[in-house]
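One file, coords.csv, is given below (CSV, C-alpha atoms and all ligand atoms).
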chain,number,residue,atom,x,y,z
Z,168,MET,CA,-92.5,67.5,-120.5
Z,169,LYS,CA,-95.1,64.7,-121.0
Z,170,THR,CA,-93.6,61.5,-122.2
Z,171,GLU,CA,-95.8,59.6,-124.6
Z,172,PHE,CA,-95.7,55.8,-124.5
Z,173,PHE,CA,-96.6,53.7,-127.5
Z,174,ASP,CA,-96.9,49.9,-128.0
Z,175,LEU,CA,-95.6,48.8,-131.4
Z,176,SER,CA,-97.1,45.4,-131.3
Z,177,GLY,CA,-100.5,46.5,-132.4
Z,178,ASP,CA,-102.0,47.6,-135.8
Z,179,GLY,CA,-100.9,51.2,-135.6
Z,180,ARG,CA,-97.2,50.4,-135.9
Z,181,ASN,CA,-96.6,52.4,-139.1
Z,182,GLY,CA,-98.4,55.5,-137.9
Z,183,ILE,CA,-96.5,55.4,-134.6
Z,184,ILE,CA,-93.1,55.0,-136.4
Z,185,GLU,CA,-94.0,57.9,-138.7
Z,186,LYS,CA,-94.9,60.1,-135.7
Z,187,ALA,CA,-91.7,59.1,-133.9
Z,188,ALA,CA,-89.7,60.0,-137.1
Z,189,ARG,CA,-91.3,63.4,-137.1
Z,190,VAL,CA,-90.4,64.0,-133.5
Z,191,ILE,CA,-86.8,63.0,-134.3
Z,192,ARG,CA,-86.7,65.4,-137.4
Z,193,SER,CA,-88.1,68.3,-135.3
Z,194,GLY,CA,-85.3,67.9,-132.7
Z,195,GLY,CA,-87.1,65.7,-130.1
Z,196,LEU,CA,-86.0,62.6,-128.1
Z,197,VAL,CA,-87.4,59.2,-128.8
Z,198,ALA,CA,-86.5,56.0,-126.9
Z,199,PHE,CA,-86.7,53.0,-129.2
Z,200,PRO,CA,-86.1,49.2,-129.0
Z,201,THR,CA,-83.0,47.7,-130.5
Z,202,GLU,CA,-81.7,44.1,-130.3
Z,203,THR,CA,-79.1,45.1,-127.7
Z,204,VAL,CA,-80.8,47.5,-125.3
Z,205,TYR,CA,-83.2,50.4,-125.6
Z,206,GLY,CA,-81.7,53.5,-127.2
Z,207,LEU,CA,-82.4,57.1,-126.6
Z,208,GLY,CA,-82.4,58.7,-130.1
Z,209,ALA,CA,-82.1,62.1,-131.6
Z,210,ASN,CA,-81.3,63.5,-135.0
Z,211,GLY,CA,-77.6,62.9,-135.3
Z,212,PHE,CA,-77.2,66.0,-137.4
Z,213,ASP,CA,-79.0,68.3,-135.0
Z,214,GLU,CA,-76.5,69.7,-132.5
Z,215,LYS,CA,-79.2,71.0,-130.1
Z,216,ALA,CA,-81.1,67.7,-130.1
Z,217,VAL,CA,-77.9,65.7,-129.5
Z,218,LEU,CA,-77.0,68.0,-126.5
Z,219,SER,CA,-80.4,67.3,-125.0
Z,220,ILE,CA,-79.6,63.5,-125.0
Z,221,PHE,CA,-76.7,64.3,-122.6
Z,222,GLU,CA,-79.0,66.4,-120.5
Z,223,ALA,CA,-81.8,63.9,-120.3
Z,224,LYS,CA,-79.4,61.1,-119.3
Z,225,GLY,CA,-77.1,63.1,-117.1
Z,226,ARG,CA,-74.4,61.8,-119.3
Z,227,PRO,CA,-70.8,63.1,-118.9
Z,228,HIS,CA,-69.8,65.3,-121.9
Z,229,ASP,CA,-66.7,63.3,-122.7
Z,230,ASN,CA,-68.6,60.1,-123.5
Z,231,PRO,CA,-69.3,60.0,-127.3
Z,232,LEU,CA,-72.5,58.6,-128.9
Z,233,ILE,CA,-73.1,55.9,-131.5
Z,234,MET,CA,-74.6,56.9,-134.8
Z,235,HIS,CA,-77.3,54.4,-135.9
Z,236,VAL,CA,-77.9,54.0,-139.6
Z,237,ALA,CA,-80.4,52.1,-141.8
Z,238,ASP,CA,-78.1,51.4,-144.7
Z,239,LEU,CA,-74.4,51.6,-145.9
Z,240,ASP,CA,-75.0,54.9,-147.7
Z,241,MET,CA,-75.8,56.5,-144.5
Z,242,ALA,CA,-72.7,55.1,-142.9
Z,243,ALA,CA,-70.6,56.3,-145.8
Z,244,GLU,CA,-71.8,59.8,-145.2
Z,245,LEU,CA,-70.5,59.7,-141.7
Z,246,GLY,CA,-67.0,58.2,-141.9
Z,247,TYR,CA,-64.2,56.9,-143.9
Z,248,LEU,CA,-65.1,53.2,-144.6
Z,249,ASN,CA,-62.0,51.1,-145.0
Z,250,GLU,CA,-61.6,47.4,-146.1
Z,251,ALA,CA,-61.8,46.1,-142.5
Z,252,PHE,CA,-65.0,48.0,-142.0
Z,253,TYR,CA,-66.6,46.5,-145.1
Z,254,LYS,CA,-65.6,43.0,-144.1
Z,255,LEU,CA,-67.2,43.4,-140.6
Z,256,ALA,CA,-70.3,45.1,-141.9
Z,257,SER,CA,-70.9,42.4,-144.6
Z,258,GLU,CA,-70.6,39.6,-141.9
Z,259,TYR,CA,-72.3,41.2,-138.9
Z,260,TRP,CA,-74.6,44.0,-140.0
Z,261,PRO,CA,-77.3,44.6,-139.3
Z,262,GLY,CA,-76.5,43.4,-135.7
Z,263,PRO,CA,-75.0,44.1,-132.3
Z,264,LEU,CA,-71.7,45.5,-133.6
Z,265,THR,CA,-70.5,49.1,-133.5
Z,266,ILE,CA,-67.6,49.9,-135.8
Z,267,ILE,CA,-65.3,52.9,-135.2
Z,268,VAL,CA,-63.8,54.7,-138.2
Z,269,LYS,CA,-62.3,58.1,-139.0
Z,270,LYS,CA,-65.1,60.6,-139.1
Z,271,HIS,CA,-66.1,63.0,-141.9
Z,272,PRO,CA,-66.4,66.7,-141.1
Z,273,ILE,CA,-70.2,66.4,-141.3
Z,274,VAL,CA,-70.3,64.7,-138.0
Z,275,ASN,CA,-70.6,67.2,-135.1
Z,276,ASP,CA,-68.0,67.3,-132.3
Z,277,ILE,CA,-70.9,67.1,-129.8
Z,278,VAL,CA,-71.6,63.5,-131.1
Z,279,THR,CA,-67.9,62.4,-130.9
Z,280,CYS,CA,-66.9,64.5,-127.9
Z,281,GLY,CA,-64.1,66.0,-130.0
Z,282,LEU,CA,-62.6,62.7,-131.2
Z,283,ASP,CA,-61.6,62.4,-134.9
Z,284,THR,CA,-63.4,59.1,-135.1
Z,285,VAL,CA,-67.1,58.1,-135.2
Z,286,ALA,CA,-68.9,55.0,-133.9
Z,287,ILE,CA,-71.5,53.6,-136.3
Z,288,ARG,CA,-74.0,50.8,-136.0
Z,289,MET,CA,-76.8,49.3,-138.1
Z,290,PRO,CA,-79.2,47.6,-135.7
Z,291,SER,CA,-81.0,44.4,-136.7
Z,292,ASN,CA,-84.2,45.3,-134.8
Z,293,ASP,CA,-86.8,46.0,-137.5
Z,294,TYR,CA,-88.5,48.8,-135.5
Z,295,ALA,CA,-85.2,50.5,-135.1
Z,296,ARG,CA,-84.3,50.4,-138.8
Z,297,GLU,CA,-87.8,51.5,-139.8
Z,298,LEU,CA,-87.5,54.5,-137.5
Z,299,ILE,CA,-84.1,55.5,-138.9
Z,300,LYS,CA,-85.3,55.1,-142.4
Z,301,ALA,CA,-88.4,57.1,-141.8
Z,302,ALA,CA,-86.4,59.8,-140.0
Z,303,GLY,CA,-84.1,60.0,-143.0
Z,304,VAL,CA,-81.1,60.9,-140.8
Z,305,PRO,CA,-78.7,58.9,-138.7
Z,306,ILE,CA,-79.9,58.6,-135.2
Z,307,ALA,CA,-77.4,59.4,-132.4
Z,308,ALA,CA,-78.3,57.1,-129.5
Z,309,PRO,CA,-76.8,55.9,-126.3
Z,310,SER,CA,-78.7,53.5,-124.0
Z,311,ALA,CA,-81.9,55.0,-122.7
Z,312,ASN,CA,-81.1,54.8,-119.0
Z,313,ARG,CA,-80.1,57.6,-116.6
Z,314,SER,CA,-76.3,57.7,-116.7
Z,315,GLY,CA,-74.7,55.1,-114.4
Z,316,LYS,CA,-77.8,53.0,-114.1
Z,317,PRO,CA,-78.2,49.5,-115.6
Z,318,SER,CA,-79.2,49.7,-119.3
Z,319,PRO,CA,-82.9,49.3,-120.1
Z,320,VAL,CA,-84.0,46.0,-121.7
Z,321,THR,CA,-87.7,46.7,-121.6
Z,322,ALA,CA,-89.7,49.9,-122.3
Z,323,ARG,CA,-90.9,49.9,-118.7
Z,324,HIS,CA,-87.2,50.2,-117.6
Z,325,VAL,CA,-87.0,53.3,-119.9
Z,326,LEU,CA,-90.1,54.7,-118.4
Z,327,THR,CA,-88.7,54.3,-114.9
Z,328,ASP,CA,-85.6,56.4,-115.7
Z,329,MET,CA,-86.9,58.8,-118.4
Z,330,ASP,CA,-90.5,59.6,-117.6
Z,331,GLY,CA,-91.0,63.4,-118.0
Z,332,ARG,CA,-87.5,63.8,-119.6
Z,333,ILE,CA,-88.1,62.7,-123.2
Z,334,ASP,CA,-90.8,63.1,-125.8
Z,335,MET,CA,-91.6,59.5,-126.6
Z,336,ILE,CA,-91.0,55.8,-125.7
Z,337,LEU,CA,-91.7,53.1,-128.3
Z,338,ASP,CA,-92.4,49.7,-126.7
Z,339,GLY,CA,-91.1,46.9,-129.0
Z,340,GLY,CA,-90.9,44.2,-126.3
Z,341,ALA,CA,-87.9,42.8,-124.5
Z,342,CYS,CA,-84.5,43.2,-126.2
Z,343,GLU,CA,-83.1,40.0,-127.7
Z,344,VAL,CA,-79.4,40.3,-126.8
Z,345,GLY,CA,-79.7,42.2,-123.5
Z,346,VAL,CA,-76.2,43.8,-123.4
Z,347,GLU,CA,-74.9,46.7,-125.4
Z,348,SER,CA,-73.2,46.3,-128.8
Z,349,THR,CA,-69.7,45.2,-129.2
Z,350,VAL,CA,-67.5,48.3,-130.0
Z,351,VAL,CA,-64.6,47.6,-132.3
Z,352,THR,CA,-62.2,50.1,-133.8
Z,353,VAL,CA,-60.7,49.5,-137.2
Z,354,CYS,CA,-58.7,52.7,-137.2
Z,355,GLY,CA,-55.4,51.2,-136.0
Z,356,GLU,CA,-53.1,48.4,-137.3
Z,357,THR,CA,-54.9,45.6,-135.3
Z,358,PRO,CA,-58.7,45.7,-134.9
Z,359,THR,CA,-59.4,46.2,-131.2
Z,360,VAL,CA,-62.5,45.5,-129.1
Z,361,LEU,CA,-63.1,48.4,-126.8
Z,362,ARG,CA,-66.3,47.0,-125.3
Z,363,PRO,CA,-67.4,43.4,-125.5
Z,364,GLY,CA,-71.0,42.6,-126.6
Z,365,GLY,CA,-73.2,40.3,-128.6
Z,366,ILE,CA,-70.6,39.8,-131.4
Z,367,THR,CA,-67.6,37.9,-129.8
Z,368,PRO,CA,-63.9,38.7,-130.3
Z,369,ALA,CA,-63.6,35.3,-132.0
Z,370,GLN,CA,-66.2,36.3,-134.6
Z,371,ILE,CA,-64.3,39.5,-135.3
Z,372,GLU,CA,-61.1,37.5,-135.7
Z,373,ALA,CA,-62.9,35.1,-138.1
Z,374,ALA,CA,-63.7,38.1,-140.3
Z,375,LEU,CA,-60.5,40.0,-140.1
Z,376,GLY,CA,-57.8,37.5,-139.2
Z,377,SER,CA,-56.7,39.2,-136.0
Z,378,VAL,CA,-58.2,41.0,-133.0
Z,379,ARG,CA,-57.1,42.6,-129.7
Z,380,LEU,CA,-59.0,43.2,-126.5
Z,381,ASP,CA,-58.5,46.6,-125.0
Z,382,LYS,CA,-57.4,46.1,-121.4
Z,383,ALA,CA,-60.2,48.4,-120.1
Z,384,VAL,CA,-62.5,45.5,-121.0
Z,385,THR,CA,-61.4,43.3,-118.1
Z,386,GLN,CA,-59.5,45.7,-115.8
Z,387,MET,CA,-60.3,48.9,-113.9
Z,388,LEU,CA,-57.9,51.5,-115.3
Z,389,PRO,CA,-55.9,53.7,-112.9
Z,390,GLU,CA,-57.3,57.3,-112.5
Z,391,ASN,CA,-54.7,58.9,-114.8
Z,392,GLU,CA,-55.2,56.4,-117.7
Z,393,LYS,CA,-57.6,57.1,-120.5
Z,394,PRO,CA,-59.4,54.1,-122.1
Z,395,LEU,CA,-59.9,54.1,-125.9
Z,396,ALA,CA,-63.7,54.0,-125.4
Z,397,PRO,CA,-64.3,56.9,-123.0
Z,398,GLY,CA,-67.4,55.2,-121.6
Z,399,MET,CA,-65.3,52.4,-120.2
Z,400,LYS,CA,-63.8,54.5,-117.4
Z,401,TYR,CA,-67.0,55.1,-115.6
Z,402,LYS,CA,-68.4,52.9,-112.8
Z,403,HIS,CA,-71.3,51.9,-114.8
Z,404,TYR,CA,-74.5,49.9,-115.2
Z,405,ALA,CA,-74.9,49.7,-111.4
Z,406,PRO,CA,-77.9,49.1,-109.2
Z,407,ASP,CA,-78.3,51.2,-106.0
Z,408,CYS,CA,-76.5,48.7,-103.8
Z,409,ARG,CA,-73.0,47.4,-103.6
Z,410,VAL,CA,-72.1,44.7,-106.1
Z,411,VAL,CA,-69.6,41.9,-105.4
Z,412,ILE,CA,-68.7,39.2,-108.0
Z,413,VAL,CA,-67.9,35.8,-106.4
Z,414,GLU,CA,-65.9,33.3,-108.4
Z,415,GLY,CA,-64.3,29.9,-107.7
Z,416,LYS,CA,-65.5,26.5,-106.4
Z,417,GLY,CA,-66.4,27.9,-103.0
Z,418,ALA,CA,-68.7,30.6,-104.4
Z,419,VAL,CA,-72.1,29.2,-103.3
Z,420,ASN,CA,-70.9,28.6,-99.7
Z,421,TYR,CA,-69.2,32.0,-99.5
Z,422,ILE,CA,-72.4,33.7,-100.6
Z,423,LYS,CA,-74.5,31.7,-98.2
Z,424,ALA,CA,-72.2,32.7,-95.3
Z,425,ARG,CA,-72.4,36.4,-96.3
Z,426,LEU,CA,-76.2,36.2,-96.5
Z,427,ALA,CA,-76.3,34.6,-93.0
Z,428,GLU,CA,-74.3,37.5,-91.6
Z,429,ASP,CA,-76.3,40.3,-93.3
Z,430,GLU,CA,-80.1,40.0,-93.7
Z,431,ASN,CA,-80.1,42.8,-96.3
Z,432,ALA,CA,-77.6,41.0,-98.6
Z,433,CYS,CA,-78.9,39.1,-101.6
Z,434,ALA,CA,-77.6,36.6,-104.1
Z,435,MET,CA,-77.7,37.1,-107.8
Z,436,CYS,CA,-77.6,33.5,-108.9
Z,437,PHE,CA,-78.1,31.1,-111.8
Z,438,ASN,CA,-81.6,29.7,-112.6
Z,439,GLY,CA,-82.6,26.8,-110.3
Z,440,GLU,CA,-80.3,28.0,-107.4
Z,441,GLU,CA,-82.9,30.3,-105.8
Z,442,ALA,CA,-83.8,27.8,-103.2
Z,443,VAL,CA,-80.1,27.5,-102.1
Z,444,PHE,CA,-80.1,31.1,-100.8
Z,445,PRO,CA,-82.5,32.8,-98.4
Z,446,ARG,CA,-82.7,35.8,-100.7
Z,447,ALA,CA,-81.9,35.5,-104.4
Z,448,ILE,CA,-82.5,37.0,-107.9
Z,449,ALA,CA,-81.7,34.6,-110.8
Z,450,TYR,CA,-80.2,36.0,-114.0
Z,451,GLY,CA,-80.0,33.1,-116.4
Z,452,GLU,CA,-78.8,29.6,-117.0
Z,453,GLU,CA,-75.4,28.6,-115.6
Z,454,GLY,CA,-72.8,28.2,-118.4
Z,455,ASN,CA,-75.2,29.7,-121.0
Z,456,SER,CA,-73.8,33.2,-121.8
Z,457,VAL,CA,-76.6,34.1,-124.1
Z,458,SER,CA,-79.1,33.5,-121.4
Z,459,LEU,CA,-77.1,35.4,-118.8
Z,460,ALA,CA,-76.6,38.4,-121.2
Z,461,HIS,CA,-80.4,38.5,-121.7
Z,462,GLY,CA,-81.0,38.5,-117.9
Z,463,VAL,CA,-78.1,40.5,-116.4
Z,464,PHE,CA,-79.5,44.1,-116.5
Z,465,ALA,CA,-83.1,43.1,-115.6
Z,466,ALA,CA,-81.8,41.3,-112.5
Z,467,MET,CA,-79.7,44.3,-111.5
Z,468,ARG,CA,-82.8,46.6,-111.9
Z,469,GLU,CA,-84.9,44.2,-109.9
Z,470,ALA,CA,-82.4,44.6,-107.0
Z,471,ASP,CA,-83.2,48.4,-107.0
Z,472,GLY,CA,-85.6,49.7,-104.5
Z,473,ARG,CA,-85.5,46.5,-102.3
Z,474,GLY,CA,-83.3,47.9,-99.6
Z,475,ILE,CA,-80.5,45.5,-100.5
Z,476,SER,CA,-77.1,46.3,-99.0
Z,477,THR,CA,-74.9,44.0,-101.1
Z,478,LEU,CA,-75.6,41.9,-104.2
Z,479,TYR,CA,-73.3,38.9,-104.3
Z,480,VAL,CA,-73.2,37.7,-107.9
Z,481,ARG,CA,-72.3,34.2,-109.2
Z,482,CYS,CA,-69.6,34.8,-111.7
Z,483,PRO,CA,-70.4,34.0,-115.4
Z,484,ARG,CA,-68.0,32.2,-117.8
Z,485,LYS,CA,-65.6,34.6,-119.4
Z,486,ASP,CA,-65.6,33.3,-122.9
Z,487,GLY,CA,-67.7,34.2,-126.0
Z,488,VAL,CA,-70.6,36.5,-125.0
Z,489,GLY,CA,-69.7,35.7,-121.4
Z,490,ILE,CA,-66.9,38.4,-121.6
Z,491,ALA,CA,-69.6,41.0,-122.2
Z,492,VAL,CA,-71.7,39.7,-119.2
Z,493,PHE,CA,-68.6,39.7,-117.0
Z,494,ASN,CA,-67.6,43.2,-118.2
Z,495,ARG,CA,-71.0,44.7,-117.3
Z,496,LEU,CA,-70.9,43.0,-113.8
Z,497,PHE,CA,-67.3,44.1,-113.3
Z,498,ARG,CA,-68.2,47.7,-114.1
Z,499,ALA,CA,-71.2,47.5,-111.8
Z,500,SER,CA,-69.0,46.2,-109.0
Z,501,GLY,CA,-66.4,48.9,-109.4
Z,502,GLY,CA,-63.9,46.0,-109.9
Z,503,SER,CA,-64.9,44.1,-106.7
Z,504,VAL,CA,-64.2,40.4,-107.4
Z,505,VAL,CA,-63.7,37.7,-104.7
Z,506,ASN,CA,-62.1,34.4,-105.6
Z,507,VAL,CA,-62.9,31.6,-103.2
K,601,LIG,P1,-73.6,53.7,-125.1
K,601,LIG,O1,-74.1,54.8,-126.0
K,601,LIG,O2,-74.1,53.9,-123.7
K,601,LIG,O3,-73.9,52.4,-125.6
K,601,LIG,O4,-72.1,53.9,-125.1
K,601,LIG,C1,-71.4,54.0,-126.3
K,601,LIG,C2,-70.0,53.5,-126.1
K,601,LIG,O5,-69.2,53.6,-127.4
K,601,LIG,C3,-69.2,54.2,-125.0
K,601,LIG,O6,-68.4,53.3,-124.3
K,601,LIG,C4,-68.4,55.2,-125.8
K,601,LIG,O7,-67.3,55.6,-125.1
K,601,LIG,C5,-68.0,54.4,-127.1
K,601,LIG,N1,-67.7,55.2,-128.2
K,601,LIG,C6,-68.6,56.0,-128.9
K,601,LIG,N2,-68.0,56.7,-129.9
K,601,LIG,C7,-66.6,56.4,-129.8
K,601,LIG,C8,-65.5,56.7,-130.5
K,601,LIG,N3,-65.5,57.6,-131.5
K,601,LIG,N4,-64.3,56.2,-130.1
K,601,LIG,C9,-64.2,55.3,-129.1
K,601,LIG,N5,-65.3,54.9,-128.4
K,601,LIG,C10,-66.5,55.4,-128.7
K,602,MG,MG,-75.0,53.2,-121.9
Could you rewrite the structure in this file as structure tokens?
Ligand code: AMP
Ligand code: MG
Amino acid sequence: MKTEFFDLSGDGRNGIIEKAARVIRSGGLVAFPTETVYGLGANGFDEKAVLSIFEAKGRPHDNPLIMHVADLDMAAELGYLNEAFYKLASEYWPGPLTIIVKKHPIVNDIVTCGLDTVAIRMPSNDYARELIKAAGVPIAAPSANRSGKPSPVTARHVLTDMDGRIDMILDGGACEVGVESTVVTVCGETPTVLRPGGITPAQIEAALGSVRLDKAVTQMLPENEKPLAPGMKYKHYAPDCRVVIVEGKGAVNYIKARLAEDENACAMCFNGEEAVFPRAIAYGEEGNSVSLAHGVFAAMREADGRGISTLYVRCPRKDGVGIAVFNRLFRASGGSVVNV
């Protein structure tokens, strides 16, 4: 299959989005920008098209997809929208928040992997919402990377992973947030964050009065335990090399010592620290979680193809959006954290 690549920043924007919407309606796959990461979209009501997402990504068949909607009417078609849903949607939609509700029968089991719930999000990226509106159907979309690889935050990243596997890539520039959406379920008694992202647990608590963090967010679960968000069980988001997170006051010296022992080891550090290490990739400003979220996946992708043995990562703060950054690094490391 030939993958067509289109830049949305020029004059032809409307025509390109119309064309992409036709591809979606006719069962094809389109990668498109959102404010979180690039998504790989198909018509959420077309079983065959949705199956081809799993195929193109190499995604395990027990990891459900998010349905992307352009308005609340589309969301109401998909699931049972309760009071907590409406409170969250009125505060944070459109935006980087995915809300899980009980599904309506119209939603195919292929999308939800047999669960009786559905994940719904209204993205704030204008191109994304225009595409969904033009397609006239909810767009089922996971991140547009090969399964297990770091999520794509530029159209070039998508091309690297998906060239020849999908119909179209829409280039809308770099993603604003840089990590995937926060996933929260409002099906149970207490709203629970299953995956941290651009909307913080504190923001959810502010809207609903309470919030819980699923333990899979900060821990690797034992083999026999199933997380509430199936995607959280996989070693995920990883570059080709081993990843080790280093935290504590001695982190810089520890990483320096490891790099002195191993000439293929590399530091993933904060901006301005590059000169401290013989080999380093910076991923954002120290203490600035928004900046680190923006840079974390691009830095891991930069590590690919460089023959790096181990990437020693300076640990981000774990509050606010920092939880999301730590969570992605933690998954990439397979739970490997050194405290020095
Ligand atoms: P991705 O599409 O790569 O951003 O991943 C979507 C995330 O949402 C994964 O972690 C899924 O396991 C999770 N997810 C999607 N649908 C559901 C659902 N119905 N219940 C729980 N988690 C879900
Ligand atoms: Mg993903």
re atom CA of Ala499 of chain Z and atom CA of Ala465 of chain Z: distance 13.2 Å
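The residue that comes closest to Glu185 of chain Z, out of Z:Lys300, Z:Arg362, Z:Gly331, Z:Ser458 and on the basis of all atoms listed in the file, is Z:Lys300.
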If you count only C-alpha atoms and all ligand atoms, which residues end up within 12 Å of ligand MG 602 (chain K), as a PyMOL selection string?
-> chain Z and resi 203-207+220-221+224-227+230-233+308-320+346-348+362+396-399+401-405+464+495+498
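The space between atom CA of Ser500 of chain Z and atom CA of Pro200 of chain Z spans 26.5 Å.
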Could you please give me, as a ChimeraX atom specification, the residues of protein, DNA or RNA lying at most 6 Å from (-63.4, 61.8, -126.2) in the coordinate frame of the file, considering all atoms listed in the file?
-> /Z:229,280-282,397
Selection from above, C-alpha atoms, as a PDB file, in the frame of the given file, can you write it?
ATOM      1  CA  ASP Z 229     -66.700  63.300-122.700  1.00  0.00           C
ATOM      2  CA  CYS Z 280     -66.900  64.500-127.900  1.00  0.00           C
ATOM      3  CA  GLY Z 281     -64.100  66.000-130.000  1.00  0.00           C
ATOM      4  CA  LEU Z 282     -62.600  62.700-131.200  1.00  0.00           C
ATOM      5  CA  PRO Z 397     -64.300  56.900-123.000  1.00  0.00           C
TER       6      PRO Z 397
END
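Distance check against ligand LIG 601 (chain K) using only C-alpha atoms and all ligand atoms: of Z:Ala341, Z:Ala216, Z:Ala295, Z:Val353, the minimum falls on Z:Val353.
The closest residue to ligand LIG 601 (chain K), picked from Z:Gly211, Z:Gly194, Z:Pro394, Z:Gly339 and counting all atoms listed in the file, is Z:Pro394.
For the residues Z:Arg409, Z:Cys354, Z:Gly345, Z:Glu390, ranking by smallest atom-to-atom distance to His461 of chain Z using all atoms listed in the file places Z:Gly345 first.
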For Ile412 of chain Z, please output as a VMD selection string all residues within 6 Å (counting only C-alpha atoms; exclusion window: fewer than 2 positions along the same chain).
-> chain Z and resid 479 to 480 482 504
Selected residue of minimal separation from ligand LIG 601 (chain K) among Z:Arg189, Z:Lys270, Z:Arg379, Z:Lys423, counting all atoms listed in the file = Z:Lys270
Which protein, DNA or RNA residues are at most 10 Å from (-71.5, 37.1, -115.3) in the file's coordinates when you count all atoms listed in the file, listed as a PDB file with C-alpha atoms, keeping the file's coordinate frame?
ATOM      1  CA  ILE Z 412     -68.700  39.200-108.000  1.00  0.00           C
ATOM      2  CA  VAL Z 413     -67.900  35.800-106.400  1.00  0.00           C
ATOM      3  CA  GLU Z 414     -65.900  33.300-108.400  1.00  0.00           C
ATOM      4  CA  MET Z 435     -77.700  37.100-107.800  1.00  0.00           C
ATOM      5  CA  CYS Z 436     -77.600  33.500-108.900  1.00  0.00           C
ATOM      6  CA  PHE Z 437     -78.100  31.100-111.800  1.00  0.00           C
ATOM      7  CA  TYR Z 450     -80.200  36.000-114.000  1.00  0.00           C
ATOM      8  CA  GLY Z 451     -80.000  33.100-116.400  1.00  0.00           C
ATOM      9  CA  GLU Z 453     -75.400  28.600-115.600  1.00  0.00           C
ATOM     10  CA  GLY Z 454     -72.800  28.200-118.400  1.00  0.00           C
ATOM     11  CA  SER Z 456     -73.800  33.200-121.800  1.00  0.00           C
ATOM     12  CA  LEU Z 459     -77.100  35.400-118.800  1.00  0.00           C
ATOM     13  CA  ALA Z 460     -76.600  38.400-121.200  1.00  0.00           C
ATOM     14  CA  GLY Z 462     -81.000  38.500-117.900  1.00  0.00           C
ATOM     15  CA  VAL Z 463     -78.100  40.500-116.400  1.00  0.00           C
ATOM     16  CA  VAL Z 480     -73.200  37.700-107.900  1.00  0.00           C
ATOM     17  CA  ARG Z 481     -72.300  34.200-109.200  1.00  0.00           C
ATOM     18  CA  CYS Z 482     -69.600  34.800-111.700  1.00  0.00           C
ATOM     19  CA  PRO Z 483     -70.400  34.000-115.400  1.00  0.00           C
ATOM     20  CA  ARG Z 484     -68.000  32.200-117.800  1.00  0.00           C
ATOM     21  CA  LYS Z 485     -65.600  34.600-119.400  1.00  0.00           C
ATOM     22  CA  VAL Z 488     -70.600  36.500-125.000  1.00  0.00           C
ATOM     23  CA  GLY Z 489     -69.700  35.700-121.400  1.00  0.00           C
ATOM     24  CA  ILE Z 490     -66.900  38.400-121.600  1.00  0.00           C
ATOM     25  CA  ALA Z 491     -69.600  41.000-122.200  1.00  0.00           C
ATOM     26  CA  VAL Z 492     -71.700  39.700-119.200  1.00  0.00           C
ATOM     27  CA  PHE Z 493     -68.600  39.700-117.000  1.00  0.00           C
ATOM     28  CA  ASN Z 494     -67.600  43.200-118.200  1.00  0.00           C
ATOM     29  CA  ARG Z 495     -71.000  44.700-117.300  1.00  0.00           C
ATOM     30  CA  LEU Z 496     -70.900  43.000-113.800  1.00  0.00           C
ATOM     31  CA  PHE Z 497     -67.300  44.100-113.300  1.00  0.00           C
TER      32      PHE Z 497
END
Can you sort out segment 257-264 of chain Z so it carries N, CA, C and O atoms, written as an mmCIF file, in the coordinates of the input?
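out-v7.cif, freshly written:
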data_model
loop_
_atom_site.group_PDB
_atom_site.id
_atom_site.type_symbol
_atom_site.label_atom_id
_atom_site.label_comp_id
_atom_site.auth_asym_id
_atom_site.auth_seq_id
_atom_site.Cartn_x
_atom_site.Cartn_y
_atom_site.Cartn_z
ATOM 1 N N SER Z 257 -70.226 43.402 -143.731
ATOM 2 C CA SER Z 257 -70.900 42.400 -144.600
ATOM 3 C C SER Z 257 -71.163 41.124 -143.771
ATOM 4 O O SER Z 257 -72.130 40.420 -144.036
ATOM 5 N N GLU Z 258 -70.339 40.841 -142.747
ATOM 6 C CA GLU Z 258 -70.600 39.600 -141.900
ATOM 7 C C GLU Z 258 -71.662 39.887 -140.848
ATOM 8 O O GLU Z 258 -72.501 39.037 -140.603
ATOM 9 N N TYR Z 259 -71.580 41.030 -140.170
ATOM 10 C CA TYR Z 259 -72.300 41.200 -138.900
ATOM 11 C C TYR Z 259 -73.373 42.290 -138.884
ATOM 12 O O TYR Z 259 -74.005 42.511 -137.847
ATOM 13 N N TRP Z 260 -73.541 43.037 -139.957
ATOM 14 C CA TRP Z 260 -74.600 44.000 -140.000
ATOM 15 C C TRP Z 260 -75.741 43.529 -140.843
ATOM 16 O O TRP Z 260 -75.500 42.862 -141.852
ATOM 17 N N PRO Z 261 -76.973 43.866 -140.520
ATOM 18 C CA PRO Z 261 -77.300 44.600 -139.300
ATOM 19 C C PRO Z 261 -77.138 43.648 -138.078
ATOM 20 O O PRO Z 261 -77.349 42.446 -138.173
ATOM 21 N N GLY Z 262 -76.744 44.228 -136.939
ATOM 22 C CA GLY Z 262 -76.500 43.400 -135.700
ATOM 23 C C GLY Z 262 -75.823 44.189 -134.639
ATOM 24 O O GLY Z 262 -75.547 45.380 -134.778
ATOM 25 N N PRO Z 263 -75.499 43.469 -133.537
ATOM 26 C CA PRO Z 263 -75.000 44.100 -132.300
ATOM 27 C C PRO Z 263 -73.511 44.481 -132.374
ATOM 28 O O PRO Z 263 -72.759 44.176 -131.455
ATOM 29 N N LEU Z 264 -73.077 45.093 -133.474
ATOM 30 C CA LEU Z 264 -71.700 45.500 -133.600
ATOM 31 C C LEU Z 264 -71.549 46.930 -134.023
ATOM 32 O O LEU Z 264 -72.115 47.362 -135.030
#
